[in-house]
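**Student:** Below is the file start.txt, which contains compact mmCIF, C-alpha atoms.
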```txt
# COMPACT_ATOMS: atom_id res chain seq x y z
CA MET A 257 -39.29 39.49 -32.75
CA THR A 258 -40.88 41.54 -30.05
CA ALA A 259 -44.43 40.51 -30.63
CA SER A 260 -44.60 37.05 -32.02
CA LEU A 261 -48.11 36.56 -30.68
CA LEU A 262 -49.92 39.87 -31.11
CA GLY A 263 -52.09 39.59 -34.20
CA MET A 264 -50.63 36.17 -34.97
CA TYR A 265 -52.52 32.90 -35.34
CA ARG A 266 -51.05 29.86 -33.58
CA PRO A 267 -52.68 26.63 -34.73
CA GLY A 268 -53.97 24.27 -32.04
CA THR A 269 -56.72 21.83 -31.17
CA THR A 270 -58.07 23.22 -27.88
CA VAL A 271 -61.74 24.04 -27.33
CA VAL A 272 -60.86 27.73 -27.70
CA HIS A 273 -59.31 27.03 -31.11
CA ARG A 274 -62.33 25.02 -32.22
CA LEU A 275 -64.88 27.62 -31.11
CA ALA A 276 -66.44 29.44 -34.08
CA VAL A 277 -65.15 32.94 -34.74
CA GLY A 278 -68.58 34.60 -34.26
CA PRO A 279 -69.06 33.47 -30.62
CA LYS A 280 -65.41 34.26 -29.93
CA LEU A 281 -65.72 37.85 -31.14
CA ALA A 282 -69.10 38.23 -29.39
CA THR A 283 -67.55 36.99 -26.12
CA LEU A 284 -64.67 39.41 -26.50
CA ALA A 285 -67.12 42.27 -27.11
CA ALA A 286 -69.26 41.26 -24.08
CA PHE A 287 -66.12 40.98 -21.97
CA ALA A 288 -65.05 44.48 -23.03
CA VAL A 289 -68.48 45.89 -22.10
CA ALA A 290 -68.41 44.14 -18.70
CA VAL A 291 -64.86 45.36 -18.00
CA THR A 292 -65.92 48.91 -18.83
CA LEU A 293 -69.17 48.85 -16.78
CA LEU A 294 -68.07 46.99 -13.64
CA ARG A 295 -65.89 49.26 -11.54
CA GLY A 296 -63.52 48.54 -8.70
CA PRO A 297 -60.25 46.67 -8.11
CA TRP A 298 -61.81 43.33 -7.21
CA SER A 299 -63.82 43.00 -10.42
CA ALA A 300 -60.69 44.03 -12.37
CA LEU A 301 -58.69 41.28 -10.66
CA CYS A 302 -61.47 38.77 -11.40
CA PHE A 303 -61.45 39.77 -15.10
CA LEU A 304 -57.68 39.41 -15.21
CA ALA A 305 -57.86 35.98 -13.57
CA ALA A 306 -60.51 34.93 -16.10
CA ALA A 307 -58.40 36.14 -19.05
CA VAL A 308 -55.33 34.31 -17.71
CA ALA A 309 -57.41 31.15 -17.27
CA VAL A 310 -58.65 31.33 -20.87
CA ALA A 311 -55.08 31.94 -22.14
CA LEU A 312 -53.84 28.88 -20.24
CA TRP A 313 -56.80 26.84 -21.51
CA ALA A 314 -55.99 27.87 -25.10
CA ARG A 315 -52.35 26.75 -24.60
CA ILE A 316 -50.96 29.63 -26.62
CA GLY A 317 -47.65 29.45 -24.76
CA VAL A 318 -46.78 31.19 -21.53
CA ARG A 319 -43.42 32.58 -22.72
CA ALA A 320 -44.74 33.82 -26.08
CA THR A 321 -47.74 35.39 -24.35
CA ALA A 322 -45.56 37.06 -21.74
CA ARG A 323 -43.29 38.41 -24.48
CA ALA A 324 -46.26 39.74 -26.46
CA MET A 325 -47.73 41.35 -23.35
CA ARG A 326 -44.50 43.07 -22.30
CA PRO A 327 -45.23 46.46 -23.97
CA ILE A 328 -48.78 46.49 -22.56
CA LEU A 329 -47.42 45.53 -19.13
CA PHE A 330 -45.11 48.54 -19.33
CA LEU A 331 -48.03 50.83 -20.24
CA ALA A 332 -50.23 49.34 -17.50
CA THR A 333 -47.46 49.96 -14.96
CA VAL A 334 -47.12 53.59 -16.04
CA PHE A 335 -50.89 54.17 -15.88
CA ALA A 336 -51.19 52.37 -12.54
CA GLY A 337 -48.28 54.36 -11.12
CA PHE A 338 -49.95 57.60 -12.16
CA GLN A 339 -53.31 56.59 -10.62
CA LEU A 340 -51.56 55.43 -7.43
CA TRP A 341 -49.97 58.84 -7.11
CA ARG A 342 -53.08 60.86 -8.04
CA VAL A 343 -55.99 58.82 -6.61
CA GLY A 344 -54.99 55.67 -4.74
CA TRP A 345 -54.39 51.94 -5.07
CA PRO A 346 -57.98 50.83 -5.92
CA LEU A 347 -58.05 52.84 -9.16
CA ALA A 348 -54.44 51.85 -9.95
CA VAL A 349 -55.35 48.15 -9.69
CA GLU A 350 -58.56 48.70 -11.67
CA VAL A 351 -56.84 50.50 -14.56
CA ALA A 352 -53.98 48.00 -14.84
CA GLY A 353 -56.23 44.96 -14.39
CA ASP A 354 -58.80 46.14 -16.96
CA LEU A 355 -56.15 46.98 -19.56
CA LEU A 356 -54.21 43.74 -19.15
CA SER A 357 -57.30 41.51 -19.12
CA LEU A 358 -58.74 43.09 -22.28
CA VAL A 359 -55.50 42.91 -24.25
CA LEU A 360 -54.80 39.36 -23.06
CA LEU A 361 -58.23 38.14 -24.15
CA ALA A 362 -57.80 39.89 -27.52
CA VAL A 363 -54.43 38.14 -27.88
CA VAL A 364 -56.11 34.80 -27.15
CA VAL A 365 -58.76 35.47 -29.82
CA THR A 366 -56.22 36.43 -32.51
CA ALA A 367 -53.86 33.61 -31.56
CA THR A 368 -56.57 30.95 -31.78
CA THR A 369 -58.47 32.18 -34.85
CA PRO A 370 -57.19 31.93 -38.44
CA THR A 371 -57.21 35.39 -40.02
CA ASP A 372 -59.22 34.02 -42.94
CA ASP A 373 -62.02 33.10 -40.49
CA VAL A 374 -61.96 36.61 -39.05
CA ILE A 375 -62.24 38.12 -42.54
CA ASP A 376 -65.16 35.83 -43.37
CA ALA A 377 -66.97 36.61 -40.09
CA ILE A 378 -66.57 40.36 -40.47
CA THR A 379 -67.57 40.15 -44.14
CA ARG A 380 -70.75 38.29 -43.17
CA ALA A 381 -71.51 40.74 -40.35
CA CYS A 382 -71.11 43.72 -42.70
CA GLU A 383 -73.23 42.19 -45.46
CA PRO A 384 -76.38 44.26 -44.52
CA LEU A 385 -74.29 47.44 -44.93
CA ARG A 386 -73.76 46.69 -48.64
CA ARG A 387 -76.97 48.59 -49.48
CA PHE A 388 -75.36 51.71 -47.96
CA GLY A 389 -72.36 51.41 -50.27
CA VAL A 390 -70.08 49.54 -47.84
CA ASP A 391 -67.96 46.79 -49.39
CA PRO A 392 -67.97 44.00 -46.74
CA GLU A 393 -64.96 42.16 -48.28
CA ARG A 394 -62.92 45.32 -48.11
CA VAL A 395 -63.88 45.92 -44.45
CA GLY A 396 -62.90 42.32 -43.57
CA LEU A 397 -59.57 42.65 -45.34
CA ALA A 398 -58.88 46.02 -43.69
CA ILE A 399 -59.41 44.53 -40.24
CA ALA A 400 -57.23 41.53 -41.06
CA LEU A 401 -54.49 43.89 -42.25
CA MET A 402 -54.83 45.89 -39.06
CA MET A 403 -54.24 42.70 -37.05
CA ARG A 404 -51.23 41.88 -39.22
CA ALA A 405 -49.91 45.42 -38.78
CA VAL A 406 -49.51 45.09 -35.00
CA PRO A 407 -46.46 42.76 -35.05
CA ASP A 408 -45.13 44.60 -38.10
CA ILE A 409 -45.12 47.99 -36.38
CA LEU A 410 -43.60 46.52 -33.22
CA ASP A 411 -40.84 45.01 -35.39
CA ILE A 412 -40.18 48.36 -37.03
CA ALA A 413 -40.11 50.00 -33.58
CA SER A 414 -37.57 47.47 -32.38
CA GLN A 415 -35.35 48.00 -35.45
CA THR A 416 -35.67 51.79 -35.08
CA ARG A 417 -34.68 51.56 -31.41
CA ASP A 418 -31.61 49.48 -32.33
CA ALA A 419 -30.64 51.95 -35.07
CA ALA A 420 -30.95 54.89 -32.65
CA LYS A 421 -28.91 53.00 -30.04
CA ALA A 422 -26.19 52.24 -32.60
CA ARG A 423 -25.86 55.98 -33.25
CA GLY A 424 -25.90 56.81 -29.53
CA LEU A 425 -29.31 58.53 -29.89
CA GLU A 426 -31.43 56.20 -27.76
CA ARG A 427 -32.47 59.10 -25.48
CA ASP A 428 -33.55 61.35 -28.36
CA PRO A 429 -37.29 60.84 -29.00
CA ARG A 430 -36.92 62.30 -32.52
CA ALA A 431 -34.49 59.51 -33.45
CA LEU A 432 -37.15 56.99 -32.46
CA LEU A 433 -40.44 58.59 -33.45
CA VAL A 434 -39.59 60.19 -36.82
CA PRO A 435 -38.13 57.05 -38.45
CA LEU A 436 -40.85 54.91 -36.87
CA ALA A 437 -43.58 57.11 -38.36
CA LEU A 438 -41.88 57.33 -41.77
CA ARG A 439 -41.14 53.61 -41.99
CA THR A 440 -44.66 52.71 -40.86
CA VAL A 441 -46.17 54.90 -43.58
CA ALA A 442 -43.72 53.45 -46.13
CA ARG A 443 -44.68 49.91 -45.07
CA ALA A 444 -48.39 50.79 -45.37
CA ARG A 445 -47.82 52.13 -48.89
CA ALA A 446 -45.81 49.03 -49.85
CA THR A 447 -48.59 46.80 -48.51
CA GLY A 448 -51.12 48.77 -50.53
CA ASP A 449 -48.98 48.30 -53.64
CA ALA A 450 -48.69 44.58 -52.95
CA LEU A 451 -52.45 44.21 -52.54
CA ALA A 452 -53.05 46.14 -55.75
CA ALA A 453 -50.44 44.08 -57.61
CA ARG A 454 -52.09 40.86 -56.44
CA GLY A 455 -55.45 42.16 -57.64
CA ILE A 456 -56.92 41.71 -54.15
CA VAL A 457 -58.52 45.14 -54.03
CA ASP A 458 -59.91 44.87 -57.57
CA ASP A 459 -62.69 42.39 -56.85
CA MET B 67 -46.63 34.48 -74.94
CA ALA B 68 -48.59 37.56 -73.92
CA GLN B 69 -48.36 40.63 -76.12
CA ILE B 70 -47.19 43.58 -74.04
CA VAL B 71 -47.28 46.84 -75.96
CA LEU B 72 -46.13 50.25 -74.72
CA ASP B 73 -47.13 53.03 -77.06
CA GLY B 74 -45.65 56.49 -76.56
CA VAL B 75 -45.57 56.04 -72.78
CA THR B 76 -44.15 58.66 -70.43
CA VAL B 77 -44.22 58.67 -66.63
CA THR B 78 -43.86 61.78 -64.51
CA ALA B 79 -43.25 62.15 -60.78
CA PRO B 80 -46.44 62.03 -58.67
CA GLY B 81 -47.76 65.57 -58.26
CA ASP B 82 -45.03 67.03 -60.45
CA ASP B 83 -45.74 66.90 -64.17
CA GLU B 84 -42.45 68.66 -64.91
CA THR B 85 -40.22 65.83 -63.65
CA THR B 86 -40.03 62.94 -66.08
CA ILE B 87 -39.20 59.53 -64.63
CA LEU B 88 -39.58 57.64 -67.88
CA GLY B 89 -39.17 59.39 -71.21
CA GLU B 90 -41.31 58.58 -74.24
CA THR B 91 -41.09 54.82 -74.70
CA SER B 92 -42.62 52.52 -77.29
CA LEU B 93 -41.98 48.80 -76.99
CA ARG B 94 -43.42 45.45 -77.89
CA LEU B 95 -42.45 42.74 -75.40
CA THR B 96 -43.19 39.27 -76.70
CA GLU B 97 -40.14 37.22 -75.70
CA ARG B 98 -40.38 34.54 -72.99
CA ARG B 99 -37.63 35.97 -70.77
CA ILE B 100 -36.94 39.70 -70.77
CA ALA B 101 -34.42 41.47 -68.53
CA LEU B 102 -34.58 45.14 -67.54
CA ILE B 103 -31.20 46.34 -66.31
CA GLY B 104 -29.92 49.74 -65.21
CA GLY B 105 -28.64 51.71 -62.26
CA ASN B 106 -30.58 52.85 -59.21
CA GLY B 107 -33.19 55.44 -60.14
CA SER B 108 -32.81 54.74 -63.85
CA GLY B 109 -36.52 54.08 -64.36
CA LYS B 110 -36.45 50.31 -64.73
CA SER B 111 -38.79 49.65 -61.77
CA THR B 112 -41.15 52.31 -63.11
CA LEU B 113 -41.21 50.51 -66.46
CA ALA B 114 -41.90 47.22 -64.65
CA ARG B 115 -44.72 48.75 -62.57
CA LEU B 116 -46.40 50.01 -65.75
CA LEU B 117 -46.89 46.43 -66.93
CA ASN B 118 -49.16 45.50 -64.01
CA GLY B 119 -50.94 48.85 -63.82
CA LEU B 120 -49.28 49.76 -60.51
CA THR B 121 -48.05 52.93 -62.18
CA ALA B 122 -50.23 54.76 -64.68
CA PRO B 123 -48.60 56.43 -67.69
CA ALA B 124 -48.81 60.23 -67.92
CA THR B 125 -49.14 59.91 -71.70
CA GLY B 126 -49.52 56.98 -74.07
CA SER B 127 -50.84 53.54 -73.24
CA VAL B 128 -49.72 50.15 -71.98
CA ARG B 129 -51.65 47.14 -73.23
CA VAL B 130 -51.35 43.49 -72.27
CA ASP B 131 -53.09 41.23 -74.77
CA ASP B 132 -55.05 44.29 -75.90
CA LEU B 133 -56.19 45.11 -72.36
CA ASP B 134 -55.35 48.62 -71.25
CA THR B 135 -53.57 48.68 -67.87
CA VAL B 136 -55.54 51.75 -66.75
CA ARG B 137 -58.99 51.05 -68.18
CA ASP B 138 -58.91 47.26 -67.64
CA GLY B 139 -56.67 47.25 -64.55
CA ALA B 140 -58.36 44.34 -62.78
CA ALA B 141 -58.24 42.10 -65.87
CA VAL B 142 -54.59 43.03 -66.47
CA ARG B 143 -53.66 42.14 -62.88
CA ARG B 144 -55.30 38.74 -63.32
CA ARG B 145 -52.90 38.18 -66.25
CA VAL B 146 -49.79 39.87 -64.85
CA GLY B 147 -48.37 38.87 -61.45
CA PHE B 148 -45.84 41.08 -59.69
CA VAL B 149 -43.01 40.02 -57.37
CA PHE B 150 -41.49 42.79 -55.26
CA THR B 151 -37.89 43.19 -54.08
CA ASP B 152 -38.80 43.02 -50.41
CA PRO B 153 -41.09 40.06 -49.68
CA ASP B 154 -41.95 41.56 -46.29
CA SER B 155 -44.09 44.16 -48.01
CA GLN B 156 -45.70 41.55 -50.23
CA LEU B 157 -46.65 39.02 -47.55
CA VAL B 158 -49.73 40.47 -45.92
CA MET B 159 -51.20 37.60 -43.92
CA PRO B 160 -49.87 36.09 -40.68
CA THR B 161 -49.18 32.52 -41.84
CA CYS B 162 -47.88 31.03 -45.10
CA ALA B 163 -51.09 29.15 -45.95
CA GLU B 164 -53.23 32.19 -45.18
CA ASP B 165 -51.11 34.37 -47.42
CA VAL B 166 -51.42 32.03 -50.41
CA ALA B 167 -55.13 31.56 -49.64
CA LEU B 168 -55.53 35.35 -49.80
CA SER B 169 -54.43 35.25 -53.44
CA LEU B 170 -57.06 32.58 -54.03
CA ARG B 171 -59.94 34.63 -52.56
CA ARG B 172 -60.80 35.99 -55.98
CA THR B 173 -61.31 32.43 -57.27
CA ARG B 174 -64.45 32.33 -55.05
CA LEU B 175 -63.58 28.79 -53.94
CA PRO B 176 -65.09 27.75 -50.59
CA LYS B 177 -62.75 28.45 -47.67
CA ALA B 178 -61.82 24.81 -46.99
CA GLU B 179 -60.92 24.28 -50.65
CA ARG B 180 -58.91 27.51 -50.68
CA ARG B 181 -56.90 26.31 -47.72
CA GLU B 182 -56.39 22.87 -49.30
CA ARG B 183 -55.30 24.44 -52.58
CA ALA B 184 -52.97 26.86 -50.73
CA VAL B 185 -51.22 23.96 -48.96
CA GLU B 186 -50.96 22.14 -52.30
CA ILE B 187 -49.34 25.21 -53.88
CA LEU B 188 -46.94 25.54 -50.95
CA GLY B 189 -46.05 21.87 -51.52
CA THR B 190 -45.12 22.63 -55.14
CA TYR B 191 -42.44 25.02 -53.87
CA GLY B 192 -41.26 22.84 -50.99
CA LEU B 193 -43.01 24.98 -48.38
CA ALA B 194 -45.88 22.67 -47.32
CA HIS B 195 -44.28 22.05 -43.91
CA LEU B 196 -44.42 25.80 -43.27
CA ALA B 197 -48.17 26.13 -43.99
CA ASP B 198 -49.10 27.21 -40.45
CA VAL B 199 -45.83 28.92 -39.65
CA SER B 200 -45.74 32.69 -39.15
CA VAL B 201 -44.36 34.52 -42.19
CA HIS B 202 -42.30 36.57 -39.70
CA SER B 203 -40.22 33.56 -38.74
CA LEU B 204 -39.20 32.60 -42.30
CA SER B 205 -35.73 33.19 -43.73
CA GLY B 206 -35.29 35.77 -46.51
CA GLY B 207 -35.15 33.02 -49.15
CA GLN B 208 -38.27 31.30 -47.81
CA LYS B 209 -40.12 34.63 -47.72
CA GLN B 210 -39.28 35.38 -51.35
CA LEU B 211 -40.23 31.83 -52.35
CA LEU B 212 -43.55 32.28 -50.55
CA ALA B 213 -44.10 35.65 -52.25
CA VAL B 214 -43.55 33.99 -55.65
CA ALA B 215 -45.88 31.13 -54.66
CA GLY B 216 -48.57 33.67 -53.69
CA VAL B 217 -48.28 35.31 -57.11
CA LEU B 218 -48.27 32.01 -59.01
CA ALA B 219 -51.28 30.73 -57.05
CA THR B 220 -53.67 32.38 -59.51
CA ASP B 221 -51.69 31.16 -62.53
CA PRO B 222 -51.03 34.48 -64.31
CA ASP B 223 -49.66 34.55 -67.88
CA VAL B 224 -46.88 37.03 -67.11
CA ILE B 225 -44.65 37.46 -64.07
CA VAL B 226 -42.97 40.81 -63.52
CA ALA B 227 -40.24 40.45 -60.91
CA ASP B 228 -38.69 43.66 -59.58
CA GLU B 229 -35.19 42.76 -58.34
CA PRO B 230 -36.44 39.61 -56.63
CA THR B 231 -32.95 38.43 -55.68
CA THR B 232 -31.41 41.70 -54.47
CA LEU B 233 -31.91 40.92 -50.77
CA LEU B 234 -30.93 37.25 -51.04
CA ASP B 235 -27.70 35.31 -50.55
CA LEU B 236 -26.11 33.39 -53.42
CA HIS B 237 -27.88 30.10 -52.65
CA ASN B 238 -31.32 31.70 -52.48
CA THR B 239 -30.59 33.88 -55.53
CA ARG B 240 -30.00 30.70 -57.53
CA ARG B 241 -33.08 29.07 -56.03
CA ILE B 242 -35.39 31.96 -56.95
CA ALA B 243 -33.73 32.47 -60.36
CA ASP B 244 -34.07 28.79 -61.24
CA LEU B 245 -37.71 28.89 -60.19
CA LEU B 246 -38.44 31.97 -62.34
CA PHE B 247 -36.53 30.63 -65.35
CA GLY B 248 -38.32 27.28 -65.05
CA LEU B 249 -41.81 28.79 -65.22
CA ARG B 250 -44.11 28.34 -68.21
CA GLN B 251 -45.05 32.03 -67.84
CA GLN B 252 -43.50 34.96 -69.65
CA VAL B 253 -41.09 36.62 -67.18
CA VAL B 254 -40.00 40.26 -67.13
CA LEU B 255 -37.09 40.44 -64.72
CA VAL B 256 -35.72 43.69 -63.30
CA THR B 257 -32.23 42.92 -62.10
CA HIS B 258 -28.76 44.20 -61.28
CA ASP B 259 -27.43 40.68 -61.68
CA LEU B 260 -25.91 40.61 -65.16
CA GLU B 261 -25.47 36.83 -64.98
CA LEU B 262 -29.25 36.49 -64.62
CA ALA B 263 -29.85 39.04 -67.35
CA THR B 264 -27.76 37.06 -69.83
CA ARG B 265 -29.99 34.01 -69.24
CA CYS B 266 -32.87 35.97 -70.81
CA ASP B 267 -33.93 36.12 -74.47
CA ARG B 268 -33.88 39.92 -74.60
CA ALA B 269 -32.50 42.65 -72.39
CA LEU B 270 -33.19 46.35 -72.14
CA VAL B 271 -30.75 48.75 -70.53
CA ILE B 272 -32.46 51.77 -68.99
CA ALA B 273 -30.50 54.90 -68.13
CA GLY B 274 -31.87 58.29 -67.09
CA GLY B 275 -35.43 57.25 -67.92
CA VAL B 276 -34.74 56.18 -71.50
CA ILE B 277 -33.99 52.85 -73.17
CA ALA B 278 -30.26 53.02 -73.82
CA PHE B 279 -29.99 49.55 -75.34
CA ASP B 280 -32.49 46.92 -76.45
CA GLY B 281 -31.44 43.56 -77.82
CA ASP B 282 -29.14 40.63 -77.14
CA PRO B 283 -28.61 40.16 -73.36
CA ALA B 284 -24.83 39.62 -73.60
CA GLU B 285 -24.47 42.81 -75.62
CA ALA B 286 -26.81 44.60 -73.22
CA ALA B 287 -24.68 43.52 -70.25
CA ALA B 288 -21.54 44.71 -72.03
CA SER B 289 -23.20 48.03 -72.85
CA TYR B 290 -24.28 48.46 -69.21
CA ARG B 291 -20.79 47.58 -67.89
CA GLU B 292 -19.27 50.07 -70.28
CA SER B 293 -21.68 52.84 -69.22
CA VAL B 294 -20.82 52.18 -65.57
CA SER B 295 -17.06 52.27 -66.12
CA ARG B 296 -17.28 55.53 -68.08
```
Represent the structure of the file as structure tokens.
**Tutor:**
Amino acid sequence: MTASLLGMYRPGTTVVHRLAVGPKLATLAAFAVAVTLLRGPWSALCFLAAAVAVALWARIGVRATARAMRPILFLATVFAGFQLWRVGWPLAVEVAGDLLSLVLLAVVVTATTPTDDVIDAITRACEPLRRFGVDPERVGLAIALMMRAVPDILDIASQTRDAAKARGLERDPRALLVPLALRTVARARATGDALAARGIVDD
Amino acid sequence: MAQIVLDGVTVTAPGDDETTILGETSLRLTERRIALIGGNGSGKSTLARLLNGLTAPATGSVRVDDLDTVRDGAAVRRRVGFVFTDPDSQLVMPTCAEDVALSLRRTRLPKAERRERAVEILGTYGLAHLADVSVHSLSGGQKQLLAVAGVLATDPDVIVADEPTTLLDLHNTRRIADLLFGLRQQVVLVTHDLELATRCDRALVIAGGVIAFDGDPAEAAASYRESVSR
């Protein structure tokens, strides 16, 4: 399981777990705005330190968190390497720090908040949009499914990589990307069928 | 038992009216345990999907207790639960309790009660200790058991199970089969397992999109074996 924590709730009793979902999502949004507006390597390092502190406070597990962050760490390294080559170390640190801190805090939010609470909060927030034809329940469910899809897609990617490796095609991007895209679409269709069969999209 | 009536139903391939998946079929399904058997691509899953409104007929109608599966889809799905072959596609929430609670959302119970009820339901199937466990970390048997629990949470009158034991080992096959056969609900079971089929009250053999045999399960199994060995 490559991403046991991304999009996955881990029950606990810490203050972060007990915090209501509304303030948690609002904090995450404010954090994202601050990360985007405040420039420079030092602020990025401060944001990263803050996100790490919150993750430790929430006790979501160092090893599980590290495992979940591995793909993002890889991306951050690539982006930072590119910026180091093109611009210099301050931007490299800023890009990597901003990306890692944002994803880590998002992981903390999803790992400490039951999905049902997220659906309810989003449903409540979208309630005023009902007059414009928006179905708040459907929006909440769609976002919950999106969170659930993250570990699912990473699982499919891992299986696809293994299958390509078994056929000696691990260096052929087509052997990775085509089955990944097809299986992801197939999984999405199957999930849609399952929701329809359970009558969840009827109400 | 629910009255399931198929009247002159045909199903064609999506976007291709020329390709028939299920030829004209008229049936009345009233027995408690009904098996649908047949080879891969024979049309048995299509027939099963018609019963819950997942597939709409190209012609004719499917009615469950006089409710049309197309016109009254939501009401039909409240009566007819559907268990898929692969529980991974059926389990849509991160943890076991959340997945069962998702089924209960349409009961409009307050959230705390939904959660309590979900844990209670998990307890009925010996899964209470897994309430807060990720569905990803369950074994195949536990996943299928959870999928069935999620369907039974809303107490439907009919369960349609599309090859629910195909991906399971012998132990879990027996576990799921015993659970399905022990239910008060009417069960329509799509299966390749002829032993399971013969435990039913009625069996239909489907071949090439038509009902090749309809009647006693032992005779149906013999007819299917014979068609395979031909």
**Student:** Taking only residues of chain B that have an atom at most 7 Å from an atom of chain A, what is each one's shortest atom pair and its distance in Å to one decimal, using all atoms listed in the file, in chain and number order, as a tab-separated table?
**Tutor:**
```
residue	atom	partner	partner_atom	distance
B:Asn118	CA	A:Ala453	CA	6.7
B:Leu120	CA	A:Ala453	CA	6.5
B:Ala140	CA	A:Asp458	CA	5.5
B:Arg143	CA	A:Gly455	CA	5.5
B:Arg144	CA	A:Gly455	CA	6.6
B:Gly147	CA	A:Arg454	CA	6.5
B:Phe148	CA	A:Ala453	CA	5.9
B:Ser155	CA	A:Thr447	CA	5.2
B:Gln156	CA	A:Ala450	CA	5.1
B:Val158	CA	A:Leu401	CA	6.9
B:Met159	CA	A:Arg404	CA	6.4
B:Pro160	CA	A:Met264	CA	5.8
B:Glu164	CA	A:Asp372	CA	6.7
B:Ser169	CA	A:Arg454	CA	6.8
B:Arg172	CA	A:Asp459	CA	6.7
B:Asp198	CA	A:Pro267	CA	6.8
B:Val217	CA	A:Arg454	CA	6.8
```
**Student:** Counting only C-alpha atoms, write as a PyMOL selection string all protein and nucleic acid residues lying at most 12 Å from (-40.5, 28.3, -64.0) in the file's frame.
**Tutor:** chain B and resi 98-99+190-191+214-215+218+221+223-225+241-253
**Student:** Those selected residues, please, written with C-alpha atoms and delivered as a PDB file, keeping the file's coordinate frame.
**Tutor:**
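In the end it all went to part37.pdb:
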```pdb
ATOM      1  CA  ARG B  98     -40.380  34.540 -72.990  1.00  0.00           C
ATOM      2  CA  ARG B  99     -37.630  35.970 -70.770  1.00  0.00           C
ATOM      3  CA  THR B 190     -45.120  22.630 -55.140  1.00  0.00           C
ATOM      4  CA  TYR B 191     -42.440  25.020 -53.870  1.00  0.00           C
ATOM      5  CA  VAL B 214     -43.550  33.990 -55.650  1.00  0.00           C
ATOM      6  CA  ALA B 215     -45.880  31.130 -54.660  1.00  0.00           C
ATOM      7  CA  LEU B 218     -48.270  32.010 -59.010  1.00  0.00           C
ATOM      8  CA  ASP B 221     -51.690  31.160 -62.530  1.00  0.00           C
ATOM      9  CA  ASP B 223     -49.660  34.550 -67.880  1.00  0.00           C
ATOM     10  CA  VAL B 224     -46.880  37.030 -67.110  1.00  0.00           C
ATOM     11  CA  ILE B 225     -44.650  37.460 -64.070  1.00  0.00           C
ATOM     12  CA  ARG B 241     -33.080  29.070 -56.030  1.00  0.00           C
ATOM     13  CA  ILE B 242     -35.390  31.960 -56.950  1.00  0.00           C
ATOM     14  CA  ALA B 243     -33.730  32.470 -60.360  1.00  0.00           C
ATOM     15  CA  ASP B 244     -34.070  28.790 -61.240  1.00  0.00           C
ATOM     16  CA  LEU B 245     -37.710  28.890 -60.190  1.00  0.00           C
ATOM     17  CA  LEU B 246     -38.440  31.970 -62.340  1.00  0.00           C
ATOM     18  CA  PHE B 247     -36.530  30.630 -65.350  1.00  0.00           C
ATOM     19  CA  GLY B 248     -38.320  27.280 -65.050  1.00  0.00           C
ATOM     20  CA  LEU B 249     -41.810  28.790 -65.220  1.00  0.00           C
ATOM     21  CA  ARG B 250     -44.110  28.340 -68.210  1.00  0.00           C
ATOM     22  CA  GLN B 251     -45.050  32.030 -67.840  1.00  0.00           C
ATOM     23  CA  GLN B 252     -43.500  34.960 -69.650  1.00  0.00           C
ATOM     24  CA  VAL B 253     -41.090  36.620 -67.180  1.00  0.00           C
TER      25      VAL B 253
END
```
**Student:** Would you compute the distance between CA of Gly424 in chain A and CA of Met325 in chain A? Give it in Å to one decimal.
**Tutor:**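 A separation of 27.5 Å between them.
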**Student:** Give me the residues within 6 Å of Val254 in chain B as a ChimeraX atom specification, counting only C-alpha atoms and dropping any in the same chain fewer than 6 places off.
**Tutor:** /B:100-101,226
**Student:** Out of A:Ala320, A:Val349, A:Ile375, A:Cys382, which residue has the shortest atom-to-atom distance to Ala167 in chain B when counting all atoms listed in the file?
**Tutor:**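 Result for the nearest residue to Ala167 in chain B: A:Ile375.
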**Student:** Write out as a list of chain:residue names which residues come within 6 Å of Ile87 in chain B when counting all atoms listed in the file, dropping same-chain ones fewer than 3 positions away.
**Tutor:**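 Selected residues are B:Val77, B:Thr78, B:Gly275.
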**Student:** Pick from A:Val351, A:Thr366, A:Pro327, A:Ala398: nearest to Arg295 in chain A, with all atoms listed in the file counted?
**Tutor:** A:Val351
**Student:** Could you please determine the separation between CA of Ile378 in chain A and CA of Leu281 in chain A in Å, to one decimal place?
**Tutor:**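 Separation of CA of Ile378 in chain A and CA of Leu281 in chain A: 9.7 Å.
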**Student:** Using only C-alpha atoms, list the residues that have an atom at most 12 Å from (-67.7, 35.7, -30.6), coordinates as in the file, as a PyMOL selection string.
**Tutor:** chain A and resi 272+275-288+361-362+365-366+369+373-374+377-378+381
**Student:** How about saving the chosen residues, C-alpha atoms kept, as a CSV table (one decimal), keeping the file's coordinate frame?
**Tutor:**
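So again_30.csv came out as:
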```
chain,number,residue,atom,x,y,z
A,272,VAL,CA,-60.9,27.7,-27.7
A,275,LEU,CA,-64.9,27.6,-31.1
A,276,ALA,CA,-66.4,29.4,-34.1
A,277,VAL,CA,-65.2,32.9,-34.7
A,278,GLY,CA,-68.6,34.6,-34.3
A,279,PRO,CA,-69.1,33.5,-30.6
A,280,LYS,CA,-65.4,34.3,-29.9
A,281,LEU,CA,-65.7,37.8,-31.1
A,282,ALA,CA,-69.1,38.2,-29.4
A,283,THR,CA,-67.6,37.0,-26.1
A,284,LEU,CA,-64.7,39.4,-26.5
A,285,ALA,CA,-67.1,42.3,-27.1
A,286,ALA,CA,-69.3,41.3,-24.1
A,287,PHE,CA,-66.1,41.0,-22.0
A,288,ALA,CA,-65.0,44.5,-23.0
A,361,LEU,CA,-58.2,38.1,-24.2
A,362,ALA,CA,-57.8,39.9,-27.5
A,365,VAL,CA,-58.8,35.5,-29.8
A,366,THR,CA,-56.2,36.4,-32.5
A,369,THR,CA,-58.5,32.2,-34.8
A,373,ASP,CA,-62.0,33.1,-40.5
A,374,VAL,CA,-62.0,36.6,-39.0
A,377,ALA,CA,-67.0,36.6,-40.1
A,378,ILE,CA,-66.6,40.4,-40.5
A,381,ALA,CA,-71.5,40.7,-40.4
```
